[in-house]
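Undergrad: Got a structure for you, run23.txt, holding compact mmCIF, C-alpha atoms.
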# COMPACT_ATOMS: atom_id res chain seq x y z
CA MET A 1224 117.81 -108.57 -104.16
CA HIS A 1225 117.17 -111.85 -105.87
CA GLN A 1226 114.26 -114.06 -105.03
CA ALA A 1227 114.51 -117.84 -104.90
CA GLY A 1228 111.69 -120.33 -104.60
CA LYS A 1229 108.06 -119.37 -104.45
CA SER A 1230 106.77 -115.84 -104.77
CA SER A 1231 104.93 -114.27 -101.87
CA ALA A 1232 102.79 -111.28 -100.98
CA TYR A 1233 105.69 -109.42 -99.41
CA HIS A 1234 107.71 -109.18 -102.62
CA SER A 1235 107.31 -106.35 -105.11
CA GLN A 1236 106.49 -106.99 -108.75
CA ASN A 1237 110.19 -106.97 -109.66
CA GLY A 1238 110.82 -109.80 -107.20
CA LEU A 1239 112.57 -107.76 -104.53
CA PRO A 1240 111.56 -108.08 -100.88
CA GLU A 1241 109.97 -104.87 -99.61
CA ILE A 1242 111.05 -103.24 -96.35
CA VAL A 1243 108.93 -100.51 -94.78
CA PHE A 1244 110.64 -97.58 -93.03
CA SER A 1245 109.17 -94.91 -90.78
CA THR A 1246 111.71 -92.13 -91.08
CA GLY A 1247 111.33 -90.67 -87.59
CA ASP A 1248 111.49 -87.12 -86.26
CA PRO A 1249 112.56 -84.74 -89.07
CA ASN A 1250 114.09 -82.32 -86.54
CA GLY A 1251 116.47 -85.10 -85.52
CA ILE A 1252 118.80 -87.52 -87.28
CA GLY A 1253 116.24 -90.22 -88.16
CA PRO A 1254 115.73 -89.28 -91.83
CA GLU A 1255 119.47 -88.63 -92.22
CA ILE A 1256 120.58 -92.07 -91.01
CA THR A 1257 117.79 -93.71 -93.02
CA LEU A 1258 118.98 -92.17 -96.28
CA LYS A 1259 122.65 -92.75 -95.47
CA SER A 1260 121.95 -96.41 -94.70
CA LEU A 1261 120.02 -96.94 -97.92
CA SER A 1262 122.89 -95.34 -99.84
CA LEU A 1263 125.47 -97.58 -98.14
CA LEU A 1264 123.43 -100.73 -98.78
CA HIS A 1265 122.35 -99.92 -102.33
CA GLY A 1266 123.69 -102.54 -104.71
CA LYS A 1267 124.86 -104.75 -101.84
CA THR A 1268 121.82 -105.79 -99.83
CA HIS A 1269 118.97 -105.98 -102.31
CA PHE A 1270 115.44 -104.91 -101.35
CA ARG A 1271 112.85 -102.31 -102.29
CA PRO A 1272 112.46 -99.57 -99.65
CA ILE A 1273 109.07 -98.09 -98.82
CA LEU A 1274 109.64 -94.83 -96.93
CA ALA A 1275 106.97 -93.14 -94.81
CA GLY A 1276 107.86 -89.50 -94.28
CA ASN A 1277 107.63 -86.04 -95.83
CA GLU A 1278 108.64 -86.54 -99.46
CA HIS A 1279 109.77 -82.98 -100.16
CA TYR A 1280 111.96 -82.96 -97.04
CA LEU A 1281 113.45 -86.40 -97.81
CA ARG A 1282 114.35 -85.46 -101.38
CA GLU A 1283 115.91 -82.17 -100.27
CA LEU A 1284 117.85 -84.01 -97.57
CA ASP A 1285 119.08 -86.53 -100.14
CA ARG A 1286 120.48 -83.67 -102.21
CA GLU A 1287 122.14 -82.02 -99.20
CA LEU A 1288 123.69 -85.28 -98.03
CA GLY A 1289 124.83 -86.23 -101.53
CA THR A 1290 123.42 -89.71 -101.08
CA ASN A 1291 121.85 -89.62 -104.56
CA LEU A 1292 119.30 -92.35 -103.92
CA PRO A 1293 117.48 -94.00 -106.84
CA TRP A 1294 114.02 -92.62 -106.04
CA GLN A 1295 112.50 -94.39 -109.04
CA GLU A 1296 113.29 -97.70 -107.31
CA MET A 1297 111.59 -96.73 -104.05
CA GLU A 1298 108.10 -95.95 -102.85
CA ILE A 1299 107.33 -92.87 -100.77
CA ILE A 1300 104.30 -92.62 -98.51
CA ASN A 1301 104.05 -88.85 -98.10
CA VAL A 1302 102.95 -87.34 -94.77
CA GLY A 1303 102.96 -83.73 -93.59
CA GLY A 1304 101.80 -81.96 -96.74
CA THR A 1305 103.90 -80.70 -99.63
CA GLN A 1306 106.76 -79.04 -97.76
CA PHE A 1307 108.43 -79.18 -94.37
CA ALA A 1308 111.31 -77.00 -93.20
CA PRO A 1309 113.13 -78.59 -90.24
CA SER A 1310 113.90 -76.74 -87.01
CA TRP A 1311 116.98 -78.77 -86.26
CA GLY A 1312 117.27 -80.01 -82.71
CA LYS A 1313 113.95 -78.57 -81.56
CA VAL A 1314 111.07 -80.33 -79.84
CA ALA A 1315 108.10 -79.27 -81.95
CA GLU A 1316 104.53 -80.34 -82.59
CA ASP A 1317 104.87 -80.29 -86.38
CA SER A 1318 107.89 -82.61 -86.39
CA GLY A 1319 106.16 -84.84 -83.86
CA ARG A 1320 103.11 -84.97 -86.12
CA ILE A 1321 105.20 -86.07 -89.11
CA ALA A 1322 106.93 -88.74 -87.00
CA PHE A 1323 103.55 -89.92 -85.65
CA ASP A 1324 101.89 -90.00 -89.08
CA ALA A 1325 104.91 -91.72 -90.65
CA LEU A 1326 104.83 -94.45 -88.01
CA ASN A 1327 101.09 -94.89 -88.41
CA GLN A 1328 101.30 -95.10 -92.21
CA ALA A 1329 104.22 -97.53 -92.02
CA VAL A 1330 102.30 -99.82 -89.67
CA GLU A 1331 99.19 -99.70 -91.87
CA THR A 1332 101.30 -100.54 -94.92
CA CYS A 1333 102.82 -103.59 -93.23
CA ARG A 1334 99.42 -104.71 -92.02
CA ASP A 1335 97.47 -104.09 -95.23
CA ARG A 1336 100.06 -105.56 -97.61
CA GLY A 1337 101.25 -108.37 -95.38
CA LEU A 1338 104.84 -107.06 -95.35
CA PRO A 1339 107.05 -108.70 -92.72
CA LEU A 1340 109.63 -106.05 -91.82
CA LEU A 1341 109.30 -102.57 -90.33
CA VAL A 1342 112.40 -100.49 -89.55
CA THR A 1343 111.68 -97.44 -87.41
CA ALA A 1344 113.93 -94.39 -87.15
CA PRO A 1345 114.27 -92.51 -83.83
CA VAL A 1346 111.47 -90.29 -82.53
CA ASN A 1347 111.25 -87.75 -79.72
CA LYS A 1348 108.69 -88.74 -77.11
CA MET A 1349 107.88 -85.17 -76.09
CA ALA A 1350 107.36 -84.09 -79.70
CA LEU A 1351 105.07 -87.06 -80.19
CA ARG A 1352 103.15 -86.13 -77.07
CA LEU A 1353 102.65 -82.58 -78.39
CA ALA A 1354 101.21 -84.14 -81.57
CA GLY A 1355 98.68 -86.17 -79.60
CA PHE A 1356 100.58 -89.45 -79.29
CA SER A 1357 99.35 -91.08 -76.07
CA PHE A 1358 101.70 -94.07 -75.81
CA PRO A 1359 104.93 -94.24 -73.74
CA GLY A 1360 106.89 -95.21 -76.85
CA GLN A 1361 106.82 -96.84 -80.27
CA THR A 1362 106.89 -100.33 -78.72
CA GLU A 1363 103.61 -99.79 -76.89
CA TYR A 1364 102.04 -98.21 -79.97
CA LEU A 1365 102.98 -101.22 -82.09
CA ALA A 1366 101.50 -103.62 -79.53
CA SER A 1367 98.21 -101.71 -79.70
CA SER A 1368 98.28 -101.57 -83.50
CA PHE A 1369 98.37 -105.34 -83.82
CA GLY A 1370 95.56 -106.23 -81.43
CA ASP A 1371 96.98 -105.40 -78.01
CA ARG A 1372 99.44 -108.27 -78.12
CA ARG A 1373 101.86 -108.99 -75.33
CA VAL A 1374 105.15 -107.69 -76.63
CA CYS A 1375 108.57 -107.20 -75.12
CA MET A 1376 111.63 -105.13 -75.93
CA ALA A 1377 114.84 -106.88 -76.92
CA PHE A 1378 118.18 -105.73 -78.31
CA LEU A 1379 120.51 -107.49 -80.71
CA SER A 1380 124.25 -106.90 -80.97
CA ASN A 1381 127.48 -108.64 -81.83
CA THR A 1382 128.43 -108.55 -78.12
CA PHE A 1383 125.35 -110.08 -76.49
CA HIS A 1384 121.59 -109.98 -76.96
CA LEU A 1385 119.31 -108.44 -74.34
CA LEU A 1386 115.71 -108.76 -73.17
CA LEU A 1387 114.10 -106.20 -70.86
CA ALA A 1388 111.56 -107.65 -68.42
CA THR A 1389 110.16 -104.15 -67.82
CA ILE A 1390 110.61 -101.12 -70.05
CA HIS A 1391 109.38 -97.52 -69.82
CA MET A 1392 108.41 -97.01 -66.20
CA PRO A 1393 109.79 -95.34 -63.06
CA LEU A 1394 112.31 -97.46 -61.19
CA SER A 1395 110.04 -97.40 -58.13
CA ARG A 1396 107.40 -99.38 -60.07
CA VAL A 1397 109.69 -102.15 -61.30
CA PRO A 1398 109.42 -104.63 -58.37
CA ALA A 1399 105.62 -104.57 -58.36
CA SER A 1400 105.56 -104.95 -62.15
CA LEU A 1401 107.51 -108.22 -62.14
CA ASN A 1402 105.53 -111.44 -62.11
CA SER A 1403 106.37 -115.03 -63.01
CA SER A 1404 103.76 -115.38 -65.75
CA GLY A 1405 104.84 -112.28 -67.66
CA LEU A 1406 108.53 -113.00 -67.23
CA TYR A 1407 108.03 -116.56 -68.46
CA GLN A 1408 106.16 -115.42 -71.57
CA ASP A 1409 108.77 -112.80 -72.41
CA CYS A 1410 111.61 -115.30 -71.99
CA CYS A 1411 109.85 -117.70 -74.34
CA LEU A 1412 109.61 -114.97 -76.98
CA PHE A 1413 113.30 -114.19 -76.46
CA GLN A 1414 114.29 -117.83 -76.85
CA GLU A 1415 112.22 -118.12 -80.03
CA ALA A 1416 113.90 -115.04 -81.52
CA LEU A 1417 117.42 -116.13 -80.61
CA LYS A 1418 116.85 -119.53 -82.18
CA ARG A 1419 116.69 -117.72 -85.53
CA ILE A 1420 120.21 -116.43 -84.83
CA CYS A 1421 121.93 -119.33 -83.07
CA ALA A 1422 120.74 -122.92 -82.96
CA GLU A 1423 121.11 -123.44 -79.20
CA PRO A 1424 120.95 -120.06 -77.43
CA ARG A 1425 122.32 -119.79 -73.89
CA ILE A 1426 120.28 -117.27 -71.93
CA ALA A 1427 121.20 -115.87 -68.51
CA VAL A 1428 118.50 -114.38 -66.31
CA SER A 1429 119.65 -111.51 -64.12
CA GLY A 1430 118.54 -110.85 -60.58
CA LEU A 1431 116.84 -107.62 -59.59
CA ASN A 1432 118.66 -106.82 -56.38
CA PRO A 1433 122.37 -106.45 -55.52
CA HIS A 1434 124.13 -109.84 -55.58
CA ALA A 1435 120.81 -111.36 -56.77
CA SER A 1436 119.62 -110.73 -53.19
CA GLU A 1437 121.97 -113.31 -51.53
CA ASN A 1438 119.25 -115.67 -50.35
CA SER A 1439 116.69 -112.90 -49.76
CA LEU A 1440 119.09 -110.73 -47.75
CA PHE A 1441 118.52 -107.74 -50.06
CA GLY A 1442 115.05 -108.51 -51.39
CA GLU A 1443 112.62 -111.32 -52.08
CA GLU A 1444 111.97 -110.94 -55.82
CA GLU A 1445 114.63 -113.49 -56.75
CA GLU A 1446 113.22 -116.17 -54.45
CA GLN A 1447 109.55 -115.48 -55.10
CA ILE A 1448 109.49 -114.54 -58.80
CA ILE A 1449 112.73 -114.93 -60.76
CA LEU A 1450 114.02 -118.30 -59.56
CA PRO A 1451 110.65 -120.09 -59.96
CA THR A 1452 110.45 -118.68 -63.49
CA VAL A 1453 113.95 -119.90 -64.33
CA LEU A 1454 113.09 -123.38 -63.02
CA ALA A 1455 109.94 -123.47 -65.16
CA LEU A 1456 111.95 -122.37 -68.21
CA GLN A 1457 114.56 -125.04 -67.52
CA GLU A 1458 111.82 -127.65 -67.37
CA GLN A 1459 110.52 -126.45 -70.73
CA PHE A 1460 113.78 -125.76 -72.59
CA GLY A 1461 116.59 -127.33 -70.55
CA LYS A 1462 119.26 -126.06 -68.18
CA GLU A 1463 121.60 -125.39 -71.08
CA THR A 1464 119.18 -122.80 -72.45
CA PHE A 1465 118.15 -120.87 -69.31
CA SER A 1466 120.05 -120.30 -66.09
CA GLY A 1467 120.07 -117.83 -63.20
CA PRO A 1468 119.27 -115.61 -61.48
CA TYR A 1469 122.77 -114.14 -61.68
CA PRO A 1470 124.11 -111.07 -59.84
CA PRO A 1471 123.51 -108.10 -62.12
CA ASP A 1472 127.01 -106.70 -61.58
CA THR A 1473 128.73 -109.75 -63.14
CA VAL A 1474 126.32 -111.33 -65.61
CA PHE A 1475 126.90 -108.82 -68.41
CA ASN A 1476 130.67 -109.25 -68.24
CA LYS A 1477 130.17 -113.01 -68.56
CA ALA A 1478 127.90 -112.51 -71.56
CA ALA A 1479 130.36 -110.13 -73.22
CA SER A 1480 133.08 -112.75 -72.68
CA GLY A 1481 131.03 -115.33 -74.57
CA ALA A 1482 129.53 -117.37 -71.72
CA PHE A 1483 125.97 -116.44 -72.77
CA ASP A 1484 124.26 -115.44 -76.00
CA GLY A 1485 121.52 -113.44 -74.29
CA VAL A 1486 120.76 -111.80 -70.95
CA VAL A 1487 117.34 -111.07 -69.44
CA ALA A 1488 117.52 -107.81 -67.48
CA MET A 1489 114.85 -106.85 -64.98
CA TYR A 1490 114.63 -103.16 -65.88
CA HIS A 1491 115.58 -100.66 -68.56
CA ASP A 1492 118.87 -99.20 -67.34
CA GLN A 1493 120.12 -102.43 -65.78
CA GLY A 1494 120.44 -103.88 -69.26
CA LEU A 1495 120.94 -100.87 -71.50
CA ILE A 1496 123.83 -99.27 -69.63
CA PRO A 1497 126.18 -102.23 -70.24
CA LEU A 1498 124.83 -102.82 -73.75
CA LYS A 1499 125.36 -99.23 -74.83
CA MET A 1500 128.78 -99.10 -73.18
CA LEU A 1501 129.88 -102.03 -75.33
CA SER A 1502 127.78 -101.75 -78.50
CA PHE A 1503 126.45 -98.22 -78.84
CA ASP A 1504 126.86 -97.86 -82.61
CA GLN A 1505 125.72 -101.32 -83.61
CA ALA A 1506 123.05 -102.44 -81.13
CA VAL A 1507 119.52 -102.80 -82.50
CA ASN A 1508 116.15 -102.55 -80.78
CA THR A 1509 113.55 -105.15 -81.76
CA THR A 1510 109.97 -105.72 -80.59
CA LEU A 1511 109.15 -109.37 -79.91
CA GLY A 1512 105.61 -110.75 -80.00
CA LEU A 1513 104.37 -108.91 -83.10
CA PRO A 1514 103.19 -110.69 -86.25
CA ILE A 1515 105.90 -108.71 -88.09
CA THR A 1516 109.57 -108.07 -87.42
CA ARG A 1517 110.31 -104.57 -86.14
CA THR A 1518 113.81 -103.23 -85.64
CA SER A 1519 115.20 -99.81 -84.80
CA PRO A 1520 118.57 -98.21 -84.03
CA ASP A 1521 119.48 -98.27 -80.35
CA HIS A 1522 119.80 -94.50 -80.02
CA GLY A 1523 117.63 -91.43 -80.07
CA THR A 1524 117.09 -88.39 -82.25
CA ALA A 1525 120.49 -86.83 -81.35
CA TYR A 1526 119.13 -83.30 -81.44
CA ASP A 1527 122.58 -82.01 -80.47
CA ILE A 1528 124.02 -82.93 -83.90
CA ALA A 1529 120.86 -82.69 -86.02
CA GLY A 1530 121.47 -80.61 -89.13
CA THR A 1531 125.24 -81.04 -89.05
CA PHE A 1532 124.90 -84.16 -91.23
CA SER A 1533 127.53 -85.92 -89.12
CA ALA A 1534 125.30 -88.72 -87.77
CA ASN A 1535 126.74 -92.22 -87.87
CA PRO A 1536 124.34 -94.57 -89.74
CA GLU A 1537 125.98 -97.76 -88.42
CA SER A 1538 123.17 -98.64 -85.99
CA MET A 1539 120.53 -98.11 -88.69
CA VAL A 1540 122.49 -100.32 -91.10
CA ALA A 1541 122.59 -102.94 -88.34
CA ALA A 1542 118.82 -102.52 -87.77
CA ILE A 1543 118.18 -103.25 -91.44
CA LYS A 1544 120.48 -106.27 -91.52
CA TRP A 1545 119.23 -107.78 -88.24
CA GLY A 1546 115.67 -107.13 -89.43
CA ILE A 1547 116.31 -108.96 -92.70
CA ARG A 1548 117.78 -111.88 -90.77
CA LEU A 1549 114.86 -112.15 -88.36
CA ALA A 1550 112.15 -111.54 -90.98
CA PHE A 1551 113.62 -114.13 -93.32
CA GLN A 1552 113.84 -116.74 -90.58
CA ARG A 1553 110.27 -115.94 -89.50
CA ASN A 1554 108.91 -116.33 -93.03
CA ARG A 1555 111.16 -119.21 -94.03
CA LYS A 1556 108.77 -121.50 -92.16
CA GLN A 1557 105.99 -120.34 -94.47
CA GLU A 1558 107.86 -120.90 -97.74
CA ASP A 1559 109.71 -123.69 -99.49
CA GLY A 1560 112.86 -122.58 -101.29
CA GLY A 1561 115.98 -120.71 -100.32
CA SER A 1562 117.01 -117.28 -99.17
CA VAL A 1563 115.03 -114.34 -100.50
CA TYR A 1564 117.85 -111.94 -99.69
CA ARG A 1565 121.35 -111.64 -101.08
CA ASP A 1566 123.71 -109.59 -98.93
CA GLU A 1567 126.97 -108.68 -100.64
CA SER A 1568 128.13 -106.07 -98.13
Go through the file and emit its structure as structure tokens.

TA:
Amino acid sequence: MHQAGKSSAYHSQNGLPEIVFSTGDPNGIGPEITLKSLSLLHGKTHFRPILAGNEHYLRELDRELGTNLPWQEMEIINVGGTQFAPSWGKVAEDSGRIAFDALNQAVETCRDRGLPLLVTAPVNKMALRLAGFSFPGQTEYLASSFGDRRVCMAFLSNTFHLLLATIHMPLSRVPASLNSSGLYQDCCLFQEALKRICAEPRIAVSGLNPHASENSLFGEEEEQIILPTVLALQEQFGKETFSGPYPPDTVFNKAASGAFDGVVAMYHDQGLIPLKMLSFDQAVNTTLGLPITRTSPDHGTAYDIAGTFSANPESMVAAIKWGIRLAFQRNRKQEDGGSVYRDES
């Protein structure tokens, strides 16, 4: 990776931008797709990786995969002692502890060194819980790690981009969790992020209820919460930027057909079912509202194929590339000069 313009704290001494990785649950595919992605991108997309994980396990996995990574060009933040033998596909406290410690060390590295990009590999929530992790997911942990910021979960893909108004909660709690203030703030973060990708993003806001409630026939959330929020967003950003609320059963088809760049979904599965149907291998999870860019593959630990070394790294490659794009745009405002990344892939 070549650097142009001024130097900055988030470049290594050889001038390459540094990207921090937490390598995920070692009983799953997280470390595998991380190493495969770095191998695929080596020599094409130029950066210096900093990997948080068990070093002995990662080096052994590199040999088994035949990825032959240039370890002398990388930095390893070792967690979990000197050796770790995976129990492929098993929920276990020791693998949860390594995933937890790797995430914690990766966050501290970004924070202490002022590094702008964190890419997180998949974790297993139950394994994390066994290791003492008290957060619903990595998103909530990251929010706490950077001063209890308001964050939201978004997804980037070549089909359409997605914002979730609510995330990890029972469906029964969703209506009571929606409020105009929170929805407005999340939509502003979404608009800010999409402006780094397309100059004039078109964002559709979905309804909560069937047919977007049909004038309160099937619920009042659209009339009381969602529509007032859309009107406030239109006043701030214009009707070309935000529109809705749209019936949930048609808005994603319109977005996939190119009518919208992004969709705001009211709850987890409302948005992620259509996204994963259309973009499973290349969608990327990102946390908005942090002082850093965080991306992650849009899939889990895939315990069913762990240890077969057949995992597809495409979503992790996409997470790295989308992360580079967002982190560069975020930091471009702080620097004079041109692109700090050269992508030849």

Undergrad: Could you check the closest approach to Ile1528 in chain A for each of A:His1434, A:Arg1282, A:Lys1267, A:Lys1313 and tell me which residue wins, using all atoms listed in the file?

TA: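 With all atoms listed in the file as the atom set, the closest residue is A:Lys1313.
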
Undergrad: So how far away is CA of Pro1240 in chain A from CA of Phe1270 in chain A, in Å?

TA: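 Atom-to-atom, CA of Phe1270 in chain A to CA of Pro1240 in chain A, that is 5.0 Å.
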
Undergrad: Give me, as a list of chain:residue names, all polymer residues having an atom no more than 12 Å from Thr1305 in chain A, counting all atoms listed in the file and skipping those fewer than 6 positions away in the same chain.

TA: A:Gly1276, A:Asn1277, A:Glu1278, A:His1279, A:Tyr1280, A:Leu1281, A:Arg1282, A:Ile1321

Undergrad: Give me the residues near Pro1514 in chain A as an mmCIF file with C-alpha atoms, keeping the file's coordinate frame, where near means some atom within 12 Å (using only C-alpha atoms) and where sequence neighbours in that chain fewer than 3 positions away do not count.

TA:
data_model
loop_
_atom_site.group_PDB
_atom_site.id
_atom_site.type_symbol
_atom_site.label_atom_id
_atom_site.label_comp_id
_atom_site.auth_asym_id
_atom_site.auth_seq_id
_atom_site.Cartn_x
_atom_site.Cartn_y
_atom_site.Cartn_z
ATOM 1 C CA VAL A 1330 102.300 -99.820 -89.670
ATOM 2 C CA CYS A 1333 102.820 -103.590 -93.230
ATOM 3 C CA ARG A 1334 99.420 -104.710 -92.020
ATOM 4 C CA GLY A 1337 101.250 -108.370 -95.380
ATOM 5 C CA LEU A 1338 104.840 -107.060 -95.350
ATOM 6 C CA PRO A 1339 107.050 -108.700 -92.720
ATOM 7 C CA LEU A 1340 109.630 -106.050 -91.820
ATOM 8 C CA LEU A 1341 109.300 -102.570 -90.330
ATOM 9 C CA LEU A 1365 102.980 -101.220 -82.090
ATOM 10 C CA ALA A 1366 101.500 -103.620 -79.530
ATOM 11 C CA SER A 1368 98.280 -101.570 -83.500
ATOM 12 C CA PHE A 1369 98.370 -105.340 -83.820
ATOM 13 C CA GLY A 1370 95.560 -106.230 -81.430
ATOM 14 C CA ASP A 1371 96.980 -105.400 -78.010
ATOM 15 C CA ARG A 1372 99.440 -108.270 -78.120
ATOM 16 C CA ARG A 1373 101.860 -108.990 -75.330
ATOM 17 C CA VAL A 1374 105.150 -107.690 -76.630
ATOM 18 C CA THR A 1510 109.970 -105.720 -80.590
ATOM 19 C CA LEU A 1511 109.150 -109.370 -79.910
ATOM 20 C CA ARG A 1517 110.310 -104.570 -86.140
ATOM 21 C CA LEU A 1549 114.860 -112.150 -88.360
ATOM 22 C CA ALA A 1550 112.150 -111.540 -90.980
ATOM 23 C CA ARG A 1553 110.270 -115.940 -89.500
ATOM 24 C CA ASN A 1554 108.910 -116.330 -93.030
#

Undergrad: Under the rule that only C-alpha atoms are counted, which of A:Gly1546, A:Gly1251, A:Gly1303, A:Gly1238 is the nearest residue to Ala1534 in chain A?

TA: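 Counting only C-alpha atoms, the residue closest to Ala1534 in chain A is A:Gly1251.
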
Undergrad: So which one's closest to Ile1256 in chain A, A:Phe1244, A:Phe1503, A:Phe1356, A:Trp1545? Using all atoms listed in the file, please.

TA: A:Phe1244

Undergrad: Between CA of Val1302 in chain A and CA of Gly1253 in chain A, what is the spacing in Å?

TA: 15.1 Å

Undergrad: Quick one, how far is CA of Ala1416 in chain A from CA of Phe1551 in chain A?

TA: 11.8 Å

Undergrad: Output as a Markdown table one row per residue of range 1420-1460 of chain A within 10 Å of range 1393-1407 of chain A: the closest atom pair and its distance in Å to one decimal place, counting only C-alpha atoms, sorted by chain and residue number ascending.

TA:
| residue | atom | partner | partner_atom | distance |
| --- | --- | --- | --- | --- |
| A:Leu1431 | CA | A:Pro1398 | CA | 8.1 |
| A:Asn1432 | CA | A:Pro1398 | CA | 9.7 |
| A:Gly1442 | CA | A:Pro1398 | CA | 9.8 |
| A:Glu1443 | CA | A:Pro1398 | CA | 9.7 |
| A:Glu1444 | CA | A:Pro1398 | CA | 7.3 |
| A:Gln1447 | CA | A:Ser1403 | CA | 8.5 |
| A:Ile1448 | CA | A:Ser1403 | CA | 5.3 |
| A:Ile1449 | CA | A:Ser1403 | CA | 6.7 |
| A:Leu1450 | CA | A:Ser1403 | CA | 9.0 |
| A:Pro1451 | CA | A:Ser1403 | CA | 7.3 |
| A:Thr1452 | CA | A:Ser1403 | CA | 5.5 |
| A:Val1453 | CA | A:Tyr1407 | CA | 8.0 |
| A:Ala1455 | CA | A:Tyr1407 | CA | 7.9 |
| A:Leu1456 | CA | A:Tyr1407 | CA | 7.0 |

Undergrad: Counting only C-alpha atoms, figure out which residue out of A:Ile1299, A:Pro1293, A:Thr1343, A:Tyr1469 gets nearest to Asp1521 in chain A.

TA: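 Between A:Ile1299, A:Pro1293, A:Thr1343, A:Tyr1469, the residue approaching Asp1521 in chain A most closely is A:Thr1343.
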
Undergrad: Taking every listed atom of range 1495-1507 of chain A and adding 8 Å to each side, what centre and edge lengths in Å (one decimal) does the axis-aligned box have, as lines of an AutoDock Vina configuration file?

TA:
center_x = 124.7
center_y = -100.3
center_z = -76.6
size_x = 26.4
size_y = 21.0
size_z = 30.0

Undergrad: If you count only C-alpha atoms, which residues fall within 12 Å of Ile1426 in chain A, apart from same-chain ones fewer than 2 positions away, as number ranges by chain?

TA: A: 1383-1386, 1410-1411, 1413-1418, 1421, 1423-1424, 1428-1429, 1453, 1456-1457, 1460-1469, 1474-1475, 1477-1478, 1481-1488

Undergrad: Between A:Lys1499, A:Arg1419, A:Gln1493, A:Ser1480, which has the minimum distance to Arg1548 in chain A (counting only C-alpha atoms)?

TA: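 Distance minimum relative to Arg1548 in chain A lands on A:Arg1419.
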